[in-house]
Amino acid sequence: MAGSLLFHAKNDYLKNRLSEITAFGFFTLRSQYGLLLDNAVYTDQDHWLLLGKLRFQRFPLLYYGIGPDAPEEDAVVVDGNYILLRQRVLRQIQGNWFAGLQTDVQNLGRVDFGGDQPSRPLPEGSGGSTSVAFGPSVVYDSRPNMLNTREGWFAEVSWLHYSRVWESDYAFDVFSVELRRYHQMRAGQVFAWQITGNAVQGNAPFNMLSLMGSEMMMRGYYSGRFRDRQYYAAQAEYRWLPFPFSKRFGATTFSAQGLSRLRFRRSGHNRFAWRAEQASGT
């Protein structure tokens, strides 16, 4: 089950950017469930930008080990309850520049780490953990909207400090950078590229390390197939939104590369993915 709420502050679509709140929920016959919520909200005249996400789920994850040489065989099935709350409250500095504070709260509880005899050594945080952080974030965003973006820049530099002062079980730091560019090539065609990096310093639990693979970056790799303290990736994508001969069908081809501790991984080299697309309004 999924849904999106799209709106302009004060219903003024001429002066205010399109805001988006999306929700996705699932429930399986094995009593696994999840609720995912993402928000990108611009207030009137872009004075404030709220970027965040919420995750609440009970769904097993696969643990392959830590480092670029983690083998694919005999992955450990880790069961538990996972909660994530991350929110950035950013004030417009000038034009498309925003700066402010962010918080990140993550909890992994009721953990069953591969049964009584796991096939791999237990990592830090295998018994569950709570991680709480605060830190600054700077964002540049020239996109007119975040839904089906066709032109503009997005960049972010952030630092999160996890500390026992605010009841975090572990003390460590996470530094993140991201840069995206969208080019309108011709009517209905967009070329986009993205560069991202993540570095963890300090004693972090296994679930807070940098993860390679997701539905957005390094597609084709299971999220967490490789996890380590540092992770960098780049991706290029060409989109047809939609095809010139159809109003309902489009396509995208993409290629991505990831770098983890000086080992290269490749994902989605010239894959071709079809999707249905339709226009809607509120």
# chains A, B, ... in the order shown; residues from 1 in each chain; ligands from 1
>>> residues_around(residues="Phe98 (chain A)", least_positions_apart="2", cutoff="9 Å", atoms="only C-alpha atoms", output="ChimeraX atom specification")
/A:47-49,90-96,100,137-141
>>> residues_around(residues="Phe24 (chain A)", least_positions_apart="5", cutoff="6 Å", atoms="only C-alpha atoms", output="list in words")
Met1, Ala2, Leu35 and Leu36 of chain A
>>> write_last_selection(atoms="C-alpha atoms", output="CSV table (one decimal), in the first residue's frame")
chain,number,residue,atom,x,y,z
A,1,MET,CA,0.0,0.0,0.0
A,2,ALA,CA,1.4,3.3,-1.0
A,35,LEU,CA,5.8,1.6,7.4
A,36,LEU,CA,8.0,4.0,5.4
>>> select_by_dssp(residues="region 50-224 of chain A", states="helix (DSSP H, G or I)", output="PyMOL selection string")
chain A and resi 164-166+206-208
>>> residues_around(residues="Arg55 (chain A)", least_positions_apart="6", cutoff="12 Å", atoms="only C-alpha atoms", output="list in words")
Ala23, Phe24, Gly25, Phe26, Tyr33, Gly34, Leu35, Leu36, Leu37, Asp38, Asn39, Asn81, Tyr82, Ile83, Leu84, Leu85, Arg86, Gln87, Asp104, Val105, Gln106, Asn107 and Leu108 of chain A
>>> write_last_selection(atoms="C-alpha atoms", output="mmCIF file, in the first residue's frame")
data_model
loop_
_atom_site.group_PDB
_atom_site.id
_atom_site.type_symbol
_atom_site.label_atom_id
_atom_site.label_comp_id
_atom_site.auth_asym_id
_atom_site.auth_seq_id
_atom_site.Cartn_x
_atom_site.Cartn_y
_atom_site.Cartn_z
ATOM 1 C CA ALA A 23 3.990 6.715 2.525
ATOM 2 C CA PHE A 24 4.467 3.008 1.901
ATOM 3 C CA GLY A 25 3.309 0.136 4.068
ATOM 4 C CA PHE A 26 3.400 -3.640 3.816
ATOM 5 C CA TYR A 33 5.421 -5.542 8.398
ATOM 6 C CA GLY A 34 6.747 -2.080 7.714
ATOM 7 C CA LEU A 35 5.817 1.569 7.424
ATOM 8 C CA LEU A 36 7.979 3.980 5.433
ATOM 9 C CA LEU A 37 7.332 7.725 5.332
ATOM 10 C CA ASP A 38 9.357 10.383 3.485
ATOM 11 C CA ASN A 39 8.836 14.140 3.500
ATOM 12 C CA ASN A 81 12.444 -4.576 15.062
ATOM 13 C CA TYR A 82 13.881 -1.518 13.344
ATOM 14 C CA ILE A 83 12.949 2.123 13.945
ATOM 15 C CA LEU A 84 14.487 5.104 12.159
ATOM 16 C CA LEU A 85 13.616 8.775 12.475
ATOM 17 C CA ARG A 86 15.684 11.356 10.635
ATOM 18 C CA GLN A 87 14.614 14.935 10.140
ATOM 19 C CA ASP A 104 18.835 10.947 13.623
ATOM 20 C CA VAL A 105 17.398 8.276 15.929
ATOM 21 C CA GLN A 106 17.753 4.583 15.091
ATOM 22 C CA ASN A 107 16.908 1.541 17.166
ATOM 23 C CA LEU A 108 17.428 -2.130 16.411
#
